[in-house]
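Report on one structure; see the data block that follows.
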Amino acid sequence: MYLVMRDECLLRCAWVGSDPLYRAYHDREWGVPVHDDRLLFEFLTLEGAQAGLSWITILRKRGSYRAACAVLGPEPAATFDGAKVVELLANPGIVRNRLKVESAVNNARSFLKIQEEFVSFDAYQWRFVDGGPIRNAWRSIKEVPCSTPASDAMSRDLKRRGFRFVGSTICYAHMQAVGMVNDHTVDCFRWREVS
């Protein structure tokens, strides 16, 4: 006999809420270690676009970013010129902020340079957590930090390499999203699953 739990019965991190898109993201992606450079670039770009906005806003625009080629990978984004930036700024499906769009193009170029130097962005970024995820054991969302010494170091180094929209808070959100840290609270059903 199998016991099937209904979705609404699962205990999740307090930030999730009831939005099905948010739940799916939390349940399937957030905190899962990512080692694919294309996906790492996508998350870094989306985190930069999120600055000052809610994450659910960005999740709702994620498909439009992919369709616009802005986050399919660093190679296409690195080739965008001024005309492509103007085209993107007219796209209501993405965050139409010139600084954020231009930073995505700039960051794509910097991302490719890191790949050349380290063979992969994956090898570069996982150095900031000694190659493996940090497993936290927060009891409350109030305990989860906005930044850490590791995100401070990553932010400083990315900025030194020419990246924009990569402050320590953005870097920490990126680290959480791609599983460099497990910040699911211990009462969340995903805490054990991603550990």
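Lettering and numbering for the structure tokens are positional, with chains as A, B, ... in the shown order, residues counted from 1 in each chain, and ligands counted from 1 in the shown order.
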
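Every residue of chain A found in strand (DSSP E) when DSSP is run on the backbone appears here: Ile134, Arg135, Val181 and Asn182 of chain A.
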
Restricted to N, CA and C atoms, what would the selected residues look like written as a PDB file, in the first residue's frame?
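File result_27.pdb, as written:
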ATOM      1  N   ILE A 134      27.349  23.840   0.668  1.00  0.00           N
ATOM      2  CA  ILE A 134      27.303  24.092   2.105  1.00  0.00           C
ATOM      3  C   ILE A 134      25.901  23.712   2.571  1.00  0.00           C
ATOM      4  N   ARG A 135      25.832  22.862   3.555  1.00  0.00           N
ATOM      5  CA  ARG A 135      24.524  22.396   4.056  1.00  0.00           C
ATOM      6  C   ARG A 135      24.211  23.115   5.357  1.00  0.00           C
ATOM      7  N   VAL A 181      24.659  26.340  -1.791  1.00  0.00           N
ATOM      8  CA  VAL A 181      24.269  26.261  -0.384  1.00  0.00           C
ATOM      9  C   VAL A 181      22.869  25.659  -0.320  1.00  0.00           C
ATOM     10  N   ASN A 182      22.630  24.870   0.713  1.00  0.00           N
ATOM     11  CA  ASN A 182      21.286  24.347   0.949  1.00  0.00           C
ATOM     12  C   ASN A 182      20.673  25.219   2.042  1.00  0.00           C
TER      13      ASN A 182
END

Self-check item: Polymer residues at most 9 Å from Gln50 in chain A, only C-alpha atoms, same-chain spacing of 5 or more positions, as JSON, numbers by chain
Solution: {"A": [45, 55, 57, 58, 95, 170]}

Residues near Val16 in chain A, cut-off 12 Å, only C-alpha atoms, skip fewer than 3 positions along chain, as a short mmCIF file (atom, residue, chain, number, x, y, z; two decimals) with all heavy atoms, in the first residue's frame:
data_model
loop_
_atom_site.label_atom_id
_atom_site.label_comp_id
_atom_site.auth_asym_id
_atom_site.auth_seq_id
_atom_site.Cartn_x
_atom_site.Cartn_y
_atom_site.Cartn_z
N GLU A 8 -0.46 20.26 -1.31
CA GLU A 8 -0.69 21.28 -0.27
C GLU A 8 -0.36 20.78 1.13
O GLU A 8 -0.29 21.55 2.07
CB GLU A 8 -2.11 21.85 -0.34
CG GLU A 8 -3.22 20.84 -0.18
CD GLU A 8 -3.69 20.23 -1.50
OE1 GLU A 8 -3.08 20.47 -2.55
OE2 GLU A 8 -4.68 19.48 -1.46
N LEU A 10 2.50 19.20 1.89
CA LEU A 10 3.95 19.20 2.07
C LEU A 10 4.39 20.46 2.79
O LEU A 10 3.94 21.56 2.47
CB LEU A 10 4.65 19.11 0.71
CG LEU A 10 4.41 17.84 -0.10
CD1 LEU A 10 5.05 17.97 -1.47
CD2 LEU A 10 4.95 16.63 0.63
N LEU A 11 5.30 20.31 3.74
CA LEU A 11 5.89 21.47 4.40
C LEU A 11 7.01 22.02 3.54
O LEU A 11 7.91 21.28 3.13
CB LEU A 11 6.43 21.08 5.77
CG LEU A 11 5.40 20.98 6.88
CD1 LEU A 11 6.03 20.41 8.14
CD2 LEU A 11 4.78 22.33 7.16
N ARG A 12 6.94 23.31 3.28
CA ARG A 12 7.93 23.98 2.44
C ARG A 12 8.55 25.15 3.19
O ARG A 12 8.04 25.58 4.21
CB ARG A 12 7.27 24.51 1.16
CG ARG A 12 6.76 23.47 0.23
CD ARG A 12 6.13 24.12 -1.00
NE ARG A 12 5.80 23.13 -1.99
CZ ARG A 12 4.67 22.41 -1.98
NH1 ARG A 12 3.78 22.59 -1.03
NH2 ARG A 12 4.44 21.52 -2.91
N CYS A 13 9.60 25.70 2.64
CA CYS A 13 10.19 26.92 3.18
C CYS A 13 9.11 28.01 3.23
O CYS A 13 8.25 28.07 2.33
CB CYS A 13 11.34 27.38 2.31
SG CYS A 13 12.73 26.23 2.26
N ASP A 19 1.56 30.05 -4.83
CA ASP A 19 1.63 30.15 -6.28
C ASP A 19 2.20 28.85 -6.87
O ASP A 19 3.30 28.42 -6.48
CB ASP A 19 2.51 31.34 -6.68
CG ASP A 19 2.48 31.59 -8.18
OD1 ASP A 19 3.04 30.75 -8.92
OD2 ASP A 19 1.92 32.62 -8.59
N PRO A 20 1.50 28.21 -7.80
CA PRO A 20 1.98 26.93 -8.37
C PRO A 20 3.35 27.04 -9.03
O PRO A 20 4.15 26.10 -8.95
CB PRO A 20 0.90 26.56 -9.40
CG PRO A 20 -0.31 27.33 -9.00
CD PRO A 20 0.18 28.58 -8.32
N LEU A 21 3.64 28.17 -9.68
CA LEU A 21 4.94 28.34 -10.32
C LEU A 21 6.05 28.40 -9.27
O LEU A 21 7.11 27.78 -9.43
CB LEU A 21 4.93 29.62 -11.17
CG LEU A 21 6.19 29.91 -12.00
CD1 LEU A 21 6.46 28.79 -13.00
CD2 LEU A 21 6.02 31.24 -12.72
N TYR A 22 5.81 29.13 -8.21
CA TYR A 22 6.77 29.23 -7.11
C TYR A 22 6.99 27.86 -6.47
O TYR A 22 8.12 27.47 -6.18
CB TYR A 22 6.23 30.19 -6.06
CG TYR A 22 7.19 31.29 -5.64
CD1 TYR A 22 6.80 32.23 -4.70
CD2 TYR A 22 8.48 31.40 -6.15
CE1 TYR A 22 7.64 33.25 -4.29
CE2 TYR A 22 9.34 32.40 -5.75
CZ TYR A 22 8.91 33.32 -4.81
OH TYR A 22 9.75 34.31 -4.41
N ARG A 23 5.90 27.13 -6.24
CA ARG A 23 6.01 25.80 -5.64
C ARG A 23 6.82 24.86 -6.53
O ARG A 23 7.68 24.13 -6.05
CB ARG A 23 4.63 25.21 -5.39
CG ARG A 23 3.96 25.79 -4.17
CD ARG A 23 2.65 25.09 -3.90
NE ARG A 23 2.13 25.55 -2.62
CZ ARG A 23 1.14 24.98 -1.98
NH1 ARG A 23 0.54 23.91 -2.49
NH2 ARG A 23 0.73 25.46 -0.83
N ALA A 24 6.54 24.88 -7.81
CA ALA A 24 7.28 24.00 -8.74
C ALA A 24 8.76 24.35 -8.74
O ALA A 24 9.62 23.44 -8.72
CB ALA A 24 6.69 24.12 -10.14
N TYR A 25 9.07 25.64 -8.76
CA TYR A 25 10.48 26.07 -8.73
C TYR A 25 11.15 25.59 -7.44
O TYR A 25 12.23 25.01 -7.46
CB TYR A 25 10.56 27.59 -8.86
CG TYR A 25 11.94 28.14 -8.61
CD1 TYR A 25 12.98 27.92 -9.52
CD2 TYR A 25 12.23 28.87 -7.46
CE1 TYR A 25 14.25 28.40 -9.28
CE2 TYR A 25 13.49 29.35 -7.21
CZ TYR A 25 14.51 29.12 -8.13
OH TYR A 25 15.76 29.60 -7.89
N HIS A 26 10.50 25.84 -6.31
CA HIS A 26 11.04 25.41 -5.01
C HIS A 26 11.21 23.89 -4.96
O HIS A 26 12.24 23.39 -4.52
CB HIS A 26 10.10 25.88 -3.88
CG HIS A 26 10.43 25.30 -2.55
ND1 HIS A 26 9.91 24.09 -2.12
CD2 HIS A 26 11.24 25.75 -1.56
CE1 HIS A 26 10.39 23.83 -0.92
NE2 HIS A 26 11.19 24.83 -0.54
N ASP A 27 10.20 23.17 -5.41
CA ASP A 27 10.18 21.72 -5.26
C ASP A 27 11.13 20.99 -6.22
O ASP A 27 11.57 19.88 -5.92
CB ASP A 27 8.76 21.17 -5.47
CG ASP A 27 7.78 21.62 -4.40
OD1 ASP A 27 8.18 22.33 -3.44
OD2 ASP A 27 6.59 21.27 -4.53
N TRP A 30 15.19 24.86 -6.80
CA TRP A 30 15.91 25.69 -5.84
C TRP A 30 16.75 24.83 -4.91
O TRP A 30 16.25 23.92 -4.25
CB TRP A 30 14.94 26.55 -5.04
CG TRP A 30 15.60 27.66 -4.28
CD1 TRP A 30 16.17 28.79 -4.80
CD2 TRP A 30 15.76 27.76 -2.86
NE1 TRP A 30 16.66 29.58 -3.80
CE2 TRP A 30 16.42 28.96 -2.59
CE3 TRP A 30 15.40 26.94 -1.79
CZ2 TRP A 30 16.74 29.38 -1.31
CZ3 TRP A 30 15.71 27.36 -0.51
CH2 TRP A 30 16.37 28.56 -0.28
N SER A 54 10.52 41.09 -7.27
CA SER A 54 10.28 39.82 -6.61
C SER A 54 10.73 38.68 -7.52
O SER A 54 10.70 38.79 -8.75
CB SER A 54 8.80 39.66 -6.26
OG SER A 54 8.04 39.53 -7.44
N TRP A 55 11.11 37.57 -6.91
CA TRP A 55 11.56 36.41 -7.69
C TRP A 55 10.43 35.83 -8.51
O TRP A 55 10.64 35.34 -9.62
CB TRP A 55 12.20 35.37 -6.78
CG TRP A 55 12.79 34.22 -7.54
CD1 TRP A 55 12.40 32.93 -7.49
CD2 TRP A 55 13.86 34.27 -8.49
NE1 TRP A 55 13.16 32.16 -8.34
CE2 TRP A 55 14.06 32.97 -8.98
CE3 TRP A 55 14.66 35.30 -9.00
CZ2 TRP A 55 15.03 32.65 -9.92
CZ3 TRP A 55 15.63 34.98 -9.94
CH2 TRP A 55 15.81 33.68 -10.39
N ILE A 56 9.19 35.90 -8.01
CA ILE A 56 8.07 35.35 -8.78
C ILE A 56 7.90 36.13 -10.09
O ILE A 56 7.55 35.56 -11.11
CB ILE A 56 6.76 35.30 -7.95
CG1 ILE A 56 5.69 34.47 -8.67
CG2 ILE A 56 6.24 36.69 -7.63
CD1 ILE A 56 6.01 33.02 -8.85
N ILE A 141 13.20 31.01 8.47
CA ILE A 141 13.66 31.84 7.36
C ILE A 141 14.36 33.09 7.86
O ILE A 141 15.21 33.66 7.18
CB ILE A 141 12.49 32.17 6.41
CG1 ILE A 141 13.01 32.71 5.09
CG2 ILE A 141 11.51 33.12 7.07
CD1 ILE A 141 12.00 32.72 3.99
N HIS A 184 17.28 25.50 2.39
CA HIS A 184 15.94 25.05 2.78
C HIS A 184 15.94 24.97 4.30
O HIS A 184 16.93 24.53 4.91
CB HIS A 184 15.63 23.67 2.20
CG HIS A 184 15.39 23.68 0.73
ND1 HIS A 184 14.18 24.03 0.18
CD2 HIS A 184 16.21 23.37 -0.32
CE1 HIS A 184 14.25 23.95 -1.14
NE2 HIS A 184 15.48 23.55 -1.46
N THR A 185 14.86 25.39 4.93
CA THR A 185 14.78 25.24 6.38
C THR A 185 14.58 23.77 6.72
O THR A 185 14.07 22.99 5.90
CB THR A 185 13.63 26.10 6.95
OG1 THR A 185 12.43 25.85 6.22
CG2 THR A 185 13.97 27.59 6.88
N CYS A 188 11.39 21.90 6.00
CA CYS A 188 10.97 21.79 4.60
C CYS A 188 11.29 20.38 4.07
O CYS A 188 12.38 19.84 4.32
CB CYS A 188 11.70 22.83 3.76
SG CYS A 188 11.40 22.70 1.99
#

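By only C-alpha atoms, and with residues fewer than 6 positions from Pro33 in chain A along its chain excluded, the set lying at most 10 Å from it is Trp126, Gly132, Pro133, Met175, Gln176, Ala177, Val178, Gly179, Met180, Val181, Asn182, Val194 and Ser195 of chain A.
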
Preceding selection exported with N, CA, C and O atoms as a PDB file, in the first residue's frame:
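Wrote it out as part.pdb, contents follow:
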ATOM      1  N   TRP A 126      32.307  27.099  -8.270  1.00  0.00           N
ATOM      2  CA  TRP A 126      32.258  26.165  -7.157  1.00  0.00           C
ATOM      3  C   TRP A 126      33.491  26.253  -6.270  1.00  0.00           C
ATOM      4  O   TRP A 126      33.511  25.727  -5.157  1.00  0.00           O
ATOM      5  N   GLY A 132      31.938  21.874  -3.099  1.00  0.00           N
ATOM      6  CA  GLY A 132      30.721  21.154  -2.718  1.00  0.00           C
ATOM      7  C   GLY A 132      29.751  22.048  -1.971  1.00  0.00           C
ATOM      8  O   GLY A 132      30.138  23.068  -1.402  1.00  0.00           O
ATOM      9  N   PRO A 133      28.481  21.672  -1.958  1.00  0.00           N
ATOM     10  CA  PRO A 133      27.464  22.509  -1.323  1.00  0.00           C
ATOM     11  C   PRO A 133      27.673  22.663   0.188  1.00  0.00           C
ATOM     12  O   PRO A 133      28.104  21.730   0.862  1.00  0.00           O
ATOM     13  N   MET A 175      23.839  31.524  -5.440  1.00  0.00           N
ATOM     14  CA  MET A 175      24.399  30.354  -4.771  1.00  0.00           C
ATOM     15  C   MET A 175      23.287  29.466  -4.205  1.00  0.00           C
ATOM     16  O   MET A 175      23.368  28.240  -4.285  1.00  0.00           O
ATOM     17  N   GLN A 176      22.248  30.084  -3.667  1.00  0.00           N
ATOM     18  CA  GLN A 176      21.107  29.321  -3.157  1.00  0.00           C
ATOM     19  C   GLN A 176      20.385  28.615  -4.302  1.00  0.00           C
ATOM     20  O   GLN A 176      20.036  27.439  -4.198  1.00  0.00           O
ATOM     21  N   ALA A 177      20.153  29.348  -5.381  1.00  0.00           N
ATOM     22  CA  ALA A 177      19.385  28.798  -6.506  1.00  0.00           C
ATOM     23  C   ALA A 177      20.071  27.595  -7.126  1.00  0.00           C
ATOM     24  O   ALA A 177      19.406  26.615  -7.477  1.00  0.00           O
ATOM     25  N   VAL A 178      21.411  27.669  -7.267  1.00  0.00           N
ATOM     26  CA  VAL A 178      22.138  26.605  -7.972  1.00  0.00           C
ATOM     27  C   VAL A 178      22.766  25.587  -7.031  1.00  0.00           C
ATOM     28  O   VAL A 178      23.630  24.814  -7.430  1.00  0.00           O
ATOM     29  N   GLY A 179      22.305  25.577  -5.774  1.00  0.00           N
ATOM     30  CA  GLY A 179      22.695  24.532  -4.854  1.00  0.00           C
ATOM     31  C   GLY A 179      24.090  24.621  -4.278  1.00  0.00           C
ATOM     32  O   GLY A 179      24.583  23.644  -3.713  1.00  0.00           O
ATOM     33  N   MET A 180      24.735  25.760  -4.386  1.00  0.00           N
ATOM     34  CA  MET A 180      26.033  25.914  -3.736  1.00  0.00           C
ATOM     35  C   MET A 180      25.851  25.941  -2.221  1.00  0.00           C
ATOM     36  O   MET A 180      26.772  25.623  -1.478  1.00  0.00           O
ATOM     37  N   VAL A 181      24.659  26.340  -1.791  1.00  0.00           N
ATOM     38  CA  VAL A 181      24.269  26.261  -0.384  1.00  0.00           C
ATOM     39  C   VAL A 181      22.869  25.659  -0.320  1.00  0.00           C
ATOM     40  O   VAL A 181      22.056  25.887  -1.209  1.00  0.00           O
ATOM     41  N   ASN A 182      22.630  24.870   0.713  1.00  0.00           N
ATOM     42  CA  ASN A 182      21.286  24.347   0.949  1.00  0.00           C
ATOM     43  C   ASN A 182      20.673  25.219   2.042  1.00  0.00           C
ATOM     44  O   ASN A 182      20.985  25.056   3.215  1.00  0.00           O
ATOM     45  N   VAL A 194      17.786  17.555  -0.964  1.00  0.00           N
ATOM     46  CA  VAL A 194      18.899  18.180  -1.699  1.00  0.00           C
ATOM     47  C   VAL A 194      20.221  18.091  -0.948  1.00  0.00           C
ATOM     48  O   VAL A 194      21.231  18.579  -1.426  1.00  0.00           O
ATOM     49  N   SER A 195      20.202  17.459   0.225  1.00  0.00           N
ATOM     50  CA  SER A 195      21.450  17.351   1.020  1.00  0.00           C
ATOM     51  C   SER A 195      22.322  16.218   0.538  1.00  0.00           C
ATOM     52  O   SER A 195      21.913  15.144   0.248  1.00  0.00           O
TER      53      SER A 195
END

Quiz item: Looking at A:Glu193, A:Glu116, A:Glu102, A:Asp122, which one is nearest to Glu29 in chain A, with distances taken over only C-alpha atoms?
Solution: A:Glu193

Quiz prompt | Within 10 Å of Ser155 in chain A using only C-alpha atoms, minus same-chain residues under 3 positions, as a PyMOL selection string | solution = chain A and resi 149-152+158-161+163-172
